[in-house]
$ cat input.txt   # compact mmCIF, C-alpha atoms
# COMPACT_ATOMS: atom_id res chain seq x y z
CA MET K 11 -73.21 -74.96 32.03
CA ILE K 12 -69.76 -74.90 30.47
CA TYR K 13 -69.60 -73.08 27.14
CA ASP K 14 -67.23 -74.12 24.40
CA VAL K 15 -66.58 -70.53 23.39
CA ILE K 16 -67.53 -67.14 24.80
CA ILE K 17 -66.87 -64.01 22.75
CA ILE K 18 -66.81 -60.61 24.43
CA GLY K 19 -67.89 -57.87 22.03
CA GLY K 20 -70.30 -57.89 19.10
CA GLY K 21 -68.41 -55.73 16.65
CA ALA K 22 -66.77 -56.80 13.39
CA ALA K 23 -64.05 -58.82 15.14
CA GLY K 24 -66.41 -60.47 17.63
CA MET K 25 -69.07 -61.49 15.12
CA THR K 26 -66.42 -62.79 12.70
CA ALA K 27 -64.74 -64.77 15.50
CA ALA K 28 -68.05 -66.29 16.60
CA ILE K 29 -68.91 -67.39 13.06
CA HIS K 30 -65.51 -68.98 12.46
CA ALA K 31 -65.53 -70.68 15.85
CA ALA K 32 -68.94 -72.15 15.02
CA LYS K 33 -67.66 -73.39 11.65
CA LYS K 34 -64.53 -74.86 13.28
CA LEU K 35 -66.49 -76.77 15.95
CA LYS K 36 -69.60 -77.50 13.88
CA GLU K 37 -69.30 -81.28 14.17
CA ASN K 38 -69.28 -81.01 17.98
CA ASN K 39 -72.56 -79.06 18.22
CA PRO K 40 -70.78 -76.35 20.25
CA ALA K 41 -72.29 -74.04 22.84
CA ILE K 42 -71.16 -70.55 21.82
CA LEU K 43 -72.13 -67.32 23.54
CA LEU K 44 -71.59 -63.79 22.21
CA ILE K 45 -71.88 -61.01 24.81
CA GLU K 46 -72.42 -57.40 23.69
CA LYS K 47 -73.04 -54.44 25.97
CA ASN K 48 -74.95 -52.38 23.40
CA LYS K 49 -78.60 -53.00 22.61
CA LYS K 50 -77.68 -54.20 19.13
CA LEU K 51 -74.72 -55.82 17.40
CA GLY K 52 -72.28 -53.92 15.18
CA LYS K 53 -73.19 -50.47 16.48
CA LYS K 54 -69.80 -49.00 15.55
CA LEU K 55 -69.82 -50.88 12.25
CA TYR K 56 -73.03 -49.08 11.26
CA ALA K 57 -71.18 -45.76 11.44
CA THR K 58 -68.04 -46.87 9.60
CA GLY K 59 -67.13 -44.92 6.49
CA ASN K 60 -70.00 -42.51 7.03
CA GLY K 61 -72.34 -45.49 6.87
CA LYS K 62 -70.80 -46.89 3.66
CA CYS K 63 -68.50 -49.39 5.44
CA ASN K 64 -65.06 -49.49 3.80
CA LEU K 65 -64.36 -53.19 4.38
CA ALA K 66 -60.73 -53.57 3.32
CA ASN K 67 -57.96 -52.12 1.20
CA ALA K 68 -55.91 -53.82 -1.50
CA VAL K 69 -52.86 -51.59 -0.88
CA LEU K 70 -50.53 -52.76 1.89
CA ASP K 71 -47.21 -51.29 3.01
CA LEU K 72 -45.41 -50.56 6.27
CA SER K 73 -47.24 -47.26 6.72
CA CYS K 74 -50.70 -48.88 6.91
CA TYR K 75 -50.52 -50.04 10.53
CA ASP K 76 -48.96 -48.72 13.72
CA SER K 77 -48.05 -50.78 16.80
CA SER K 78 -45.53 -50.73 19.63
CA GLN K 79 -44.39 -54.04 18.11
CA GLU K 80 -43.70 -52.53 14.70
CA PHE K 81 -43.83 -55.68 12.59
CA PHE K 82 -46.53 -57.60 14.45
CA PRO K 83 -49.39 -56.32 12.25
CA TYR K 84 -47.62 -57.70 9.17
CA GLU K 85 -47.31 -61.13 10.74
CA VAL K 86 -51.12 -61.11 10.86
CA ILE K 87 -52.07 -59.11 7.75
CA ASP K 88 -50.54 -59.87 4.35
CA VAL K 89 -51.21 -59.27 0.66
CA HIS K 90 -53.93 -61.96 0.67
CA SER K 91 -55.91 -60.43 3.56
CA CYS K 92 -58.00 -58.09 1.43
CA GLN K 93 -59.17 -61.01 -0.71
CA LEU K 94 -59.92 -63.09 2.39
CA VAL K 95 -62.19 -60.35 3.71
CA CYS K 96 -63.95 -60.02 0.35
CA ASP K 97 -64.41 -63.80 0.11
CA PHE K 98 -65.86 -63.89 3.62
CA MET K 99 -68.30 -61.11 2.74
CA ARG K 100 -69.43 -62.99 -0.36
CA GLU K 101 -69.98 -66.11 1.78
CA LEU K 102 -72.32 -63.97 3.88
CA GLY K 103 -74.20 -62.88 0.76
CA ILE K 104 -72.54 -59.47 0.44
CA SER K 105 -71.46 -58.33 -3.02
CA VAL K 106 -68.20 -56.36 -2.82
CA THR K 107 -67.31 -53.34 -4.96
CA ASP K 108 -63.69 -52.34 -5.63
CA LYS K 109 -63.24 -48.56 -5.77
CA ASN K 110 -59.57 -48.08 -6.66
CA GLY K 111 -58.50 -50.64 -4.07
CA TYR K 112 -61.02 -49.53 -1.45
CA MET K 113 -63.50 -52.36 -0.88
CA TYR K 114 -67.15 -51.58 -0.08
CA PRO K 115 -70.39 -53.54 0.02
CA SER K 116 -72.07 -52.93 -3.35
CA SER K 117 -75.05 -51.53 -1.46
CA MET K 118 -72.74 -48.87 0.01
CA GLN K 119 -74.59 -49.47 3.26
CA ALA K 120 -72.95 -50.69 6.47
CA SER K 121 -76.32 -51.98 7.61
CA SER K 122 -76.24 -54.71 4.95
CA VAL K 123 -72.97 -56.02 6.43
CA VAL K 124 -74.30 -56.01 10.00
CA TRP K 125 -77.49 -57.79 8.94
CA ALA K 126 -75.55 -60.44 7.02
CA LEU K 127 -73.24 -61.11 9.97
CA THR K 128 -76.21 -61.28 12.36
CA ASP K 129 -78.09 -63.70 10.11
CA LYS K 130 -75.04 -65.97 9.94
CA LEU K 131 -74.72 -65.95 13.74
CA LYS K 132 -78.35 -67.03 14.01
CA SER K 133 -77.90 -69.77 11.40
CA PHE K 134 -75.24 -71.34 13.65
CA ASN K 135 -77.53 -71.06 16.72
CA ILE K 136 -75.00 -68.85 18.47
CA MET K 137 -76.45 -67.46 21.68
CA ILE K 138 -76.43 -63.66 21.79
CA HIS K 139 -76.72 -61.62 24.98
CA LEU K 140 -77.29 -57.92 24.38
CA LYS K 141 -77.14 -55.08 26.92
CA GLU K 142 -74.77 -57.15 29.05
CA GLU K 143 -71.41 -55.69 30.09
CA TYR K 144 -68.17 -57.60 30.54
CA ILE K 145 -66.73 -56.98 34.02
CA SER K 146 -63.75 -59.34 34.33
CA GLY K 147 -62.14 -62.57 33.22
CA ASP K 148 -60.12 -65.09 35.20
CA MET K 149 -58.76 -68.60 34.75
CA THR K 150 -59.10 -71.61 37.05
CA HIS K 151 -58.52 -75.33 36.53
CA GLY K 152 -58.19 -74.90 32.77
CA PHE K 153 -61.44 -72.97 32.35
CA TYR K 154 -62.18 -69.27 31.99
CA ILE K 155 -64.52 -67.52 34.40
CA VAL K 156 -66.34 -64.60 32.79
CA LYS K 157 -68.16 -62.10 34.98
CA THR K 158 -70.67 -59.62 33.59
CA ASN K 159 -73.13 -57.23 35.17
CA MET K 160 -75.76 -59.94 34.69
CA ASP K 161 -74.15 -63.31 35.48
CA THR K 162 -71.02 -65.46 35.75
CA TYR K 163 -70.08 -67.93 32.99
CA ILE K 164 -67.57 -70.75 32.50
CA THR K 165 -65.98 -71.46 29.12
CA LYS K 166 -63.23 -73.53 27.54
CA ASN K 167 -62.27 -70.80 25.05
CA LEU K 168 -62.51 -67.07 25.62
CA ILE K 169 -62.20 -64.55 22.78
CA LEU K 170 -61.81 -60.91 23.81
CA THR K 171 -62.98 -58.40 21.20
CA PRO K 172 -64.54 -55.60 23.29
CA GLY K 173 -63.14 -52.81 21.11
CA GLY K 174 -61.31 -49.69 22.22
CA ALA K 175 -62.03 -46.42 23.98
CA ALA K 176 -62.84 -44.40 20.85
CA ALA K 177 -66.40 -43.26 20.07
CA PRO K 178 -68.01 -43.65 23.53
CA GLN K 179 -71.29 -42.59 21.93
CA LEU K 180 -71.12 -45.93 20.07
CA GLY K 181 -70.04 -47.95 23.09
CA GLY K 182 -66.30 -47.30 23.26
CA THR K 183 -64.81 -47.30 26.76
CA ASP K 184 -61.44 -47.58 28.48
CA LYS K 185 -62.93 -49.86 31.15
CA ASN K 186 -62.22 -52.85 28.92
CA TYR K 187 -58.46 -52.40 29.31
CA HIS K 188 -58.72 -53.03 33.04
CA SER K 189 -61.30 -55.83 32.82
CA SER K 190 -58.77 -58.54 32.01
CA VAL K 191 -56.11 -57.68 34.59
CA CYS K 192 -56.62 -61.08 36.26
CA LEU K 193 -55.61 -62.71 32.98
CA GLY K 194 -52.22 -61.02 33.12
CA LEU K 195 -52.61 -59.10 29.87
CA LYS K 196 -50.27 -56.13 29.52
CA MET K 197 -51.59 -52.89 28.11
CA HIS K 198 -50.22 -49.87 26.27
CA GLN K 199 -51.92 -46.63 27.32
CA PRO K 200 -54.85 -45.91 24.96
CA TYR K 201 -55.01 -42.58 23.11
CA PRO K 202 -57.48 -41.17 20.59
CA ALA K 203 -56.46 -41.82 16.97
CA LEU K 204 -57.80 -40.89 13.56
CA CYS K 205 -58.81 -37.54 15.02
CA LYS K 206 -58.00 -33.85 14.63
CA LEU K 207 -54.77 -32.32 15.88
CA ILE K 208 -54.91 -29.09 17.89
CA THR K 209 -52.55 -26.25 17.01
CA GLU K 210 -50.80 -23.78 19.28
CA GLU K 211 -51.39 -21.06 16.68
CA ASP K 212 -54.68 -19.18 16.58
CA ILE K 213 -56.19 -20.34 13.29
CA ARG K 214 -59.82 -19.42 13.87
CA MET K 215 -59.75 -17.26 10.74
CA LEU K 216 -59.07 -20.43 8.69
CA SER K 217 -62.01 -22.40 10.09
CA GLY K 218 -63.91 -24.19 7.34
CA VAL K 219 -61.18 -23.95 4.70
CA ARG K 220 -60.44 -27.15 2.78
CA VAL K 221 -57.40 -27.43 0.54
CA LYS K 222 -55.24 -30.05 -1.16
CA ALA K 223 -51.86 -30.32 0.53
CA GLU K 224 -48.94 -32.45 1.59
CA ALA K 225 -47.96 -32.60 5.25
CA VAL K 226 -45.09 -33.95 7.34
CA LEU K 227 -45.34 -34.56 11.08
CA TYR K 228 -42.11 -33.81 12.95
CA ALA K 229 -41.29 -35.13 16.42
CA ASP K 230 -38.44 -33.20 18.03
CA ASP K 231 -37.56 -31.83 14.57
CA ARG K 232 -37.27 -35.30 13.01
CA ALA K 233 -39.69 -36.39 10.29
CA TYR K 234 -42.07 -38.95 11.82
CA ALA K 235 -44.78 -39.46 9.18
CA GLU K 236 -46.07 -37.85 6.01
CA GLU K 237 -49.41 -37.77 4.20
CA SER K 238 -51.12 -36.03 1.31
CA GLY K 239 -54.75 -35.27 0.53
CA GLU K 240 -57.37 -32.80 1.68
CA LEU K 241 -56.50 -30.65 4.67
CA GLN K 242 -59.38 -29.20 6.68
CA PHE K 243 -59.04 -26.33 9.13
CA THR K 244 -61.17 -26.26 12.29
CA PRO K 245 -61.45 -23.38 14.80
CA ASP K 246 -58.67 -24.91 16.91
CA GLY K 247 -56.74 -27.29 14.70
CA LEU K 248 -56.21 -29.42 11.62
CA SER K 249 -58.48 -32.18 10.35
CA GLY K 250 -59.20 -34.33 7.30
CA ILE K 251 -58.12 -37.88 6.42
CA MET K 252 -54.48 -36.91 5.99
CA ILE K 253 -54.41 -35.41 9.49
CA PHE K 254 -56.31 -38.38 10.93
CA ASN K 255 -53.55 -40.64 9.64
CA LEU K 256 -50.86 -38.36 11.08
CA SER K 257 -52.67 -38.40 14.43
CA ILE K 258 -51.85 -42.08 14.96
CA GLY K 259 -49.28 -42.13 17.74
CA ALA K 260 -49.45 -38.35 18.28
CA GLY K 261 -51.01 -38.74 21.73
CA LYS K 262 -48.18 -40.91 23.02
CA LEU K 263 -45.55 -38.64 21.47
CA LEU K 264 -47.02 -35.61 23.22
CA GLU K 265 -47.36 -37.44 26.53
CA ASP K 266 -43.71 -38.49 26.20
CA GLY K 267 -42.84 -34.79 26.10
CA MET K 268 -41.86 -34.62 22.43
CA LYS K 269 -42.24 -31.41 20.45
CA LEU K 270 -44.64 -31.95 17.54
CA ASP K 271 -44.88 -29.80 14.44
CA ILE K 272 -46.69 -30.23 11.15
CA LYS K 273 -45.22 -28.67 8.02
CA VAL K 274 -47.84 -28.16 5.35
CA SER K 275 -46.99 -27.77 1.69
CA LEU K 276 -49.84 -26.05 -0.14
CA LEU K 277 -50.28 -26.28 -3.91
CA PRO K 278 -48.59 -29.71 -4.06
CA GLU K 279 -48.67 -29.64 -7.86
CA LYS K 280 -46.37 -26.58 -7.91
CA THR K 281 -42.79 -26.09 -6.77
CA GLU K 282 -41.66 -23.15 -4.66
CA LYS K 283 -39.84 -21.73 -7.70
CA GLU K 284 -42.98 -21.96 -9.85
CA ILE K 285 -44.95 -20.07 -7.21
CA ASN K 286 -42.17 -17.50 -6.93
CA ASP K 287 -42.12 -17.05 -10.73
CA PHE K 288 -45.90 -16.59 -10.76
CA ILE K 289 -45.74 -13.81 -8.16
CA VAL K 290 -42.88 -12.08 -10.01
CA PHE K 291 -44.78 -12.29 -13.30
CA ALA K 292 -47.99 -10.96 -11.68
CA GLY K 293 -46.00 -8.07 -10.23
CA LYS K 294 -44.91 -7.08 -13.73
CA THR K 295 -48.26 -7.54 -15.49
CA CYS K 296 -50.58 -6.37 -12.68
CA PRO K 297 -48.43 -3.92 -10.67
CA GLU K 298 -51.35 -2.02 -9.15
CA ARG K 299 -53.38 -5.07 -8.09
CA LYS K 300 -53.59 -5.78 -4.38
CA ILE K 301 -51.40 -8.64 -3.17
CA GLN K 302 -54.44 -10.42 -1.73
CA GLY K 303 -56.16 -10.29 -5.11
CA VAL K 304 -53.23 -11.85 -6.96
CA LEU K 305 -52.55 -14.58 -4.39
CA ASN K 306 -56.26 -15.36 -4.33
CA GLY K 307 -55.64 -16.68 -7.84
CA LEU K 308 -53.56 -19.38 -6.18
CA LEU K 309 -55.18 -20.00 -2.80
CA ASN K 310 -58.32 -19.58 -0.72
CA GLU K 311 -58.64 -15.94 0.38
CA LYS K 312 -58.57 -16.85 4.10
CA LEU K 313 -55.29 -18.72 3.60
CA VAL K 314 -53.90 -15.77 1.64
CA GLU K 315 -54.65 -13.38 4.50
CA TYR K 316 -53.15 -15.79 7.05
CA ILE K 317 -49.96 -16.26 5.00
CA ILE K 318 -49.49 -12.52 4.45
CA ASN K 319 -49.82 -12.00 8.22
CA GLN K 320 -47.31 -14.79 8.91
CA CYS K 321 -44.83 -13.22 6.50
CA GLU K 322 -45.41 -9.77 8.00
CA ILE K 323 -45.81 -8.27 4.55
CA SER K 324 -46.69 -4.56 4.77
CA PRO K 325 -47.02 -3.46 1.12
CA SER K 326 -50.57 -3.53 -0.22
CA VAL K 327 -49.97 -3.63 -3.99
CA MET K 328 -47.81 -5.89 -6.14
CA SER K 329 -45.46 -3.19 -7.38
CA ALA K 330 -44.36 -2.48 -3.81
CA LEU K 331 -43.15 -6.05 -3.17
CA ASN K 332 -39.38 -6.56 -3.09
CA ASN K 333 -37.53 -9.81 -3.76
CA ASP K 334 -37.37 -10.70 -0.06
CA ASP K 335 -41.15 -10.27 0.25
CA ILE K 336 -41.75 -12.53 -2.75
CA ASN K 337 -39.31 -15.16 -1.46
CA ARG K 338 -41.00 -15.17 1.96
CA LEU K 339 -44.46 -15.56 0.44
CA SER K 340 -43.53 -18.41 -1.91
CA HIS K 341 -41.58 -20.17 0.86
CA GLU K 342 -44.43 -19.86 3.37
CA ILE K 343 -46.92 -21.32 0.90
CA LYS K 344 -44.77 -24.46 0.63
CA ASN K 345 -43.65 -24.55 4.27
CA LEU K 346 -46.58 -23.53 6.44
CA LYS K 347 -45.74 -24.69 9.97
CA PHE K 348 -48.02 -25.47 12.91
CA ARG K 349 -47.05 -26.46 16.45
CA ILE K 350 -49.23 -29.33 17.70
CA ASN K 351 -50.10 -29.20 21.39
CA GLY K 352 -53.15 -31.45 21.59
CA TYR K 353 -55.47 -33.87 19.85
CA GLY K 354 -59.16 -34.69 19.60
CA SER K 355 -61.00 -36.48 22.38
CA PHE K 356 -62.11 -40.11 22.32
CA SER K 357 -65.59 -38.89 21.39
CA GLU K 358 -64.08 -37.31 18.24
CA ALA K 359 -61.74 -40.22 17.41
CA GLN K 360 -62.54 -43.05 15.02
CA VAL K 361 -60.26 -45.63 16.66
CA THR K 362 -57.91 -46.13 19.59
CA SER K 363 -54.13 -46.08 19.52
CA GLY K 364 -52.67 -48.44 22.13
CA GLY K 365 -54.29 -51.46 23.75
CA ILE K 366 -53.28 -55.00 24.65
CA ASP K 367 -49.55 -55.59 24.17
CA THR K 368 -49.07 -57.73 21.06
CA SER K 369 -45.79 -59.23 22.29
CA CYS K 370 -47.86 -61.77 24.23
CA ILE K 371 -50.03 -62.69 21.20
CA ASN K 372 -49.40 -65.49 18.69
CA PRO K 373 -49.89 -63.89 15.24
CA VAL K 374 -50.92 -67.25 13.77
CA ASN K 375 -54.19 -67.50 15.75
CA CYS K 376 -54.26 -64.42 18.03
CA GLU K 377 -53.97 -66.68 21.09
CA VAL K 378 -52.26 -65.43 24.23
CA TYR K 379 -48.99 -67.34 24.53
CA ALA K 380 -49.31 -67.84 28.27
CA HIS K 381 -52.99 -68.88 28.29
CA ARG K 382 -54.21 -71.70 26.08
CA GLY K 383 -57.72 -71.01 24.86
CA LEU K 384 -57.55 -67.22 25.41
CA PHE K 385 -57.66 -65.08 22.26
CA VAL K 386 -57.57 -61.32 21.64
CA ALA K 387 -58.69 -59.66 18.40
CA GLY K 388 -59.73 -56.38 16.81
CA GLU K 389 -59.24 -52.86 18.14
CA TYR K 390 -58.56 -54.25 21.64
CA LEU K 391 -55.03 -55.05 20.45
CA ASP K 392 -52.28 -52.44 20.24
CA VAL K 393 -52.60 -52.08 16.47
CA THR K 394 -54.01 -49.04 14.67
CA GLY K 395 -54.72 -48.84 10.96
CA LYS K 396 -54.89 -45.79 8.72
CA CYS K 397 -58.15 -44.57 7.23
CA GLY K 398 -59.33 -46.54 4.22
CA GLY K 399 -60.68 -49.87 5.45
CA TYR K 400 -57.55 -50.99 7.29
CA ASN K 401 -59.16 -51.16 10.73
CA ILE K 402 -62.15 -53.23 9.60
CA MET K 403 -59.77 -55.49 7.67
CA TRP K 404 -57.74 -55.89 10.86
CA ALA K 405 -60.88 -56.68 12.88
CA VAL K 406 -62.13 -59.28 10.40
CA ILE K 407 -58.77 -61.00 9.86
CA THR K 408 -57.95 -61.21 13.57
CA GLY K 409 -61.51 -62.36 14.23
CA MET K 410 -61.05 -65.13 11.68
CA LYS K 411 -57.76 -66.21 13.22
CA ALA K 412 -59.15 -66.24 16.75
CA GLY K 413 -62.29 -68.12 15.73
CA ASN K 414 -60.29 -70.69 13.78
CA GLY K 415 -57.95 -71.10 16.75
CA VAL K 416 -60.51 -72.41 19.27
CA ARG K 417 -60.48 -76.06 20.31
CA TYR K 418 -63.30 -78.34 21.44
CA ASP K 419 -60.84 -80.03 23.81
CA THR K 420 -58.42 -77.36 25.02
CA ASN K 421 -55.99 -80.08 26.15
CA GLN K 422 -55.42 -81.09 22.53
$ encode --input "input.txt" --output "structure tokens"
Amino acid sequence: MIYDVIIIGGGAAGMTAAIHAAKKLKENNPAILLIEKNKKLGKKLYATGNGKCNLANAVLDLSCYDSSQEFFPYEVIDVHSCQLVCDFMRELGISVTDKNGYMYPSSMQASSVVWALTDKLKSFNIMIHLKEEYISGDMTHGFYIVKTNMDTYITKNLILTPGGAAAPQLGGTDKNYHSSVCLGLKMHQPYPALCKLITEEDIRMLSGVRVKAEAVLYADDRAYAEESGELQFTPDGLSGIMIFNLSIGAGKLLEDGMKLDIKVSLLPEKTEKEINDFIVFAGKTCPERKIQGVLNGLLNEKLVEYIINQCEISPSVMSALNNDDINRLSHEIKNLKFRINGYGSFSEAQVTSGGIDTSCINPVNCEVYAHRGLFVAGEYLDVTGKCGGYNIMWAVITGMKAGNGVRYDTNQ
């Protein structure tokens, strides 16, 4: 049997691609096969957004996506993409809720999205093979040969959406990057992304502290990226959404031998001078209070102790502080620096940085330039989005493009 379309991977990109391919070829009664190695479709989608499934984001700028081909993501995603995702969800029977630009299913349950996608696949009579693993792909005489651990298939169109290496507990693996070597696809080394960053400093005393902050990631002393939000301290590093976003590309930078530092500005609503003035004023009005007690009026007590240690402040009461002590304290609060010497594992990461080189991909339909009828979509591509629905939006939009790009007669 020769299939019209085979899709590798039953995540958001794969299911979307299968549905759009079925719609595109509907008049030809196409034979479409979706192959997924997990025992159910959308396993990673179930876990997205802590099970709430942030589908898309209305805000789009050049900081939202990262790729070795810097502008490629924005040849695929544009200001209309968020609405396209929402419209597609509504076509599936999913009501969408806008929470300050963050789009969610109104049910706030990822399961409702997976069920709707699955029902649509079934309505198009798309064949679904679960617990079947993609081994390799090749091309011969204008057809694609797909080998799995169960069988060998022939297809006119092949859409690769196997996902990345992140979250192996949900099916992520780096094997997929080597499975298509016969197809000549180039790859950028995959690294964990949207994960914690490990510090050289011993910060175990700060474990569990959460605080609002601004942070700048420096690579070889040059500002590389900046974020604001909630910073979380772990026993060995920094975490939280702002750090997850800064982690994109950190793995490659470290492997390239670059020196990484994060400068954290605590109390983002206050300037260094305002903090300095507060400490001076407290010294005059509460001269016998302990320094820790006064600073605890500004910051978490664990952070206060850490900052005092960093500044090597010896006096114990406010009246004993001199101007240099006060200047060091206020400066450290706004310029807390951490050397980054590692990052979370794939099992701790939400997505993968790196993947299939996008220079060989047509942004119009996600087709490989050199191979007619071969498409790549989703996390498998070397494109990584920030937290906030950007990665699902990428998966759905590229899935749409790939599905709409298939042809009944690949010679057309």
$ residues_around --input "input.txt" --residues "Lys312 (chain K)" --least-positions-apart "6" --cutoff "9 Å" --atoms "only C-alpha atoms" --output "list of chain:residue names"
K:Met215, K:Leu216, K:Ser217, K:Val219, K:Asn306
$ closest_atom_pairs --input "input.txt" --of "region 136-237 of chain K" --to "region 50-70 of chain K" --cutoff "8 Å" --atoms "all atoms listed in the file" --output "JSON lines"
{"residue": "K:Leu140", "atom": "CA", "partner": "K:Lys50", "partner_atom": "CA", "distance": 6.4}
{"residue": "K:Lys141", "atom": "CA", "partner": "K:Lys50", "partner_atom": "CA", "distance": 7.9}
{"residue": "K:Leu180", "atom": "CA", "partner": "K:Lys54", "partner_atom": "CA", "distance": 5.6}
{"residue": "K:Gly181", "atom": "CA", "partner": "K:Lys54", "partner_atom": "CA", "distance": 7.6}
$ atom_distance --input "input.txt" --atom1 "CA of Ile350 (chain K)" --atom2 "CA of Asp334 (chain K)"
28.3 Å
$ closest_residue --input "input.txt" --among "K:Tyr187, K:Tyr228, K:Phe243, K:Tyr114" --to "Leu270 (chain K)" --atoms "all atoms listed in the file"
K:Tyr228
$ residues_around --input "input.txt" --residues "Ser357 (chain K)" --least-positions-apart "6" --cutoff "7 Å" --atoms "all atoms listed in the file" --output "number ranges by chain"
K: 176-179
$ residues_around --input "input.txt" --residues "Pro202 (chain K)" --least-positions-apart "4" --cutoff "9 Å" --atoms "all atoms listed in the file" --output "VMD selection string"
chain K and resid 175 to 176 257 to 261 353 to 364
$ closest_residue --input "input.txt" --among "K:Lys196, K:Lys47, K:Arg214, K:Arg417" --to "Gly173 (chain K)" --atoms "all atoms listed in the file"
K:Lys47
$ closest_residue --input "input.txt" --among "K:Met328, K:His381, K:Leu102, K:Thr368" --to "Thr150 (chain K)" --atoms "only C-alpha atoms"
K:His381
$ closest_residue --input "input.txt" --among "K:Gly111, K:Gly267, K:Gly247, K:Gly398" --to "Arg349 (chain K)" --atoms "all atoms listed in the file"
K:Gly247
$ closest_residue --input "input.txt" --among "K:Gly194, K:Gly413, K:Gly388, K:Pro40" --to "Asp148 (chain K)" --atoms "only C-alpha atoms"
K:Gly194
$ closest_residue --input "input.txt" --among "K:Leu72, K:Gly303, K:His30, K:Glu282" --to "Ile87 (chain K)" --atoms "only C-alpha atoms"
K:Leu72
$ residues_near_point --input "input.txt" --point "(-50.0, -51.9, 23.9)" --cutoff "7 Å" --atoms "all atoms listed in the file" --output "list of chain:residue names"
K:Ser78, K:Met197, K:His198, K:Gln199, K:Gly364, K:Gly365, K:Ile366, K:Asp367, K:Thr368, K:Leu391, K:Asp392
$ atom_distance --input "input.txt" --atom1 "CA of Met118 (chain K)" --atom2 "CA of Ala31 (chain K)"
27.9 Å
$ atom_distance --input "input.txt" --atom1 "CA of Ala22 (chain K)" --atom2 "CA of Arg100 (chain K)"
15.3 Å
$ build_atoms --input "input.txt" --residues "region 258-270 of chain K" --atoms "N, CA and C atoms" --output "PDB file, in the frame of the given file"
ATOM      1  N   ILE K 258     -52.169 -40.789  14.355  1.00  0.00           N
ATOM      2  CA  ILE K 258     -51.850 -42.080  14.960  1.00  0.00           C
ATOM      3  C   ILE K 258     -50.504 -41.977  15.684  1.00  0.00           C
ATOM      4  N   GLY K 259     -50.509 -42.217  16.950  1.00  0.00           N
ATOM      5  CA  GLY K 259     -49.280 -42.130  17.740  1.00  0.00           C
ATOM      6  C   GLY K 259     -48.986 -40.753  18.285  1.00  0.00           C
ATOM      7  N   ALA K 260     -49.734 -39.719  17.831  1.00  0.00           N
ATOM      8  CA  ALA K 260     -49.450 -38.350  18.280  1.00  0.00           C
ATOM      9  C   ALA K 260     -49.675 -38.190  19.781  1.00  0.00           C
ATOM     10  N   GLY K 261     -50.717 -38.838  20.304  1.00  0.00           N
ATOM     11  CA  GLY K 261     -51.010 -38.740  21.730  1.00  0.00           C
ATOM     12  C   GLY K 261     -49.856 -39.217  22.581  1.00  0.00           C
ATOM     13  N   LYS K 262     -49.308 -40.369  22.242  1.00  0.00           N
ATOM     14  CA  LYS K 262     -48.180 -40.910  23.020  1.00  0.00           C
ATOM     15  C   LYS K 262     -46.950 -40.013  22.877  1.00  0.00           C
ATOM     16  N   LEU K 263     -46.708 -39.513  21.677  1.00  0.00           N
ATOM     17  CA  LEU K 263     -45.550 -38.640  21.470  1.00  0.00           C
ATOM     18  C   LEU K 263     -45.645 -37.392  22.340  1.00  0.00           C
ATOM     19  N   LEU K 264     -46.834 -36.798  22.395  1.00  0.00           N
ATOM     20  CA  LEU K 264     -47.020 -35.610  23.220  1.00  0.00           C
ATOM     21  C   LEU K 264     -46.873 -35.933  24.697  1.00  0.00           C
ATOM     22  N   GLU K 265     -47.457 -37.054  25.129  1.00  0.00           N
ATOM     23  CA  GLU K 265     -47.360 -37.440  26.530  1.00  0.00           C
ATOM     24  C   GLU K 265     -45.920 -37.770  26.921  1.00  0.00           C
ATOM     25  N   ASP K 266     -45.124 -38.199  25.950  1.00  0.00           N
ATOM     26  CA  ASP K 266     -43.710 -38.490  26.200  1.00  0.00           C
ATOM     27  C   ASP K 266     -42.874 -37.209  26.210  1.00  0.00           C
ATOM     28  N   GLY K 267     -43.535 -36.065  26.025  1.00  0.00           N
ATOM     29  CA  GLY K 267     -42.840 -34.790  26.100  1.00  0.00           C
ATOM     30  C   GLY K 267     -42.162 -34.352  24.818  1.00  0.00           C
ATOM     31  N   MET K 268     -42.491 -34.984  23.692  1.00  0.00           N
ATOM     32  CA  MET K 268     -41.860 -34.620  22.430  1.00  0.00           C
ATOM     33  C   MET K 268     -42.529 -33.381  21.832  1.00  0.00           C
ATOM     34  N   LYS K 269     -41.749 -32.606  21.124  1.00  0.00           N
ATOM     35  CA  LYS K 269     -42.240 -31.410  20.450  1.00  0.00           C
ATOM     36  C   LYS K 269     -42.755 -31.811  19.071  1.00  0.00           C
ATOM     37  N   LEU K 270     -44.031 -31.559  18.812  1.00  0.00           N
ATOM     38  CA  LEU K 270     -44.640 -31.950  17.540  1.00  0.00           C
ATOM     39  C   LEU K 270     -44.941 -30.737  16.678  1.00  0.00           C
TER      40      LEU K 270
END
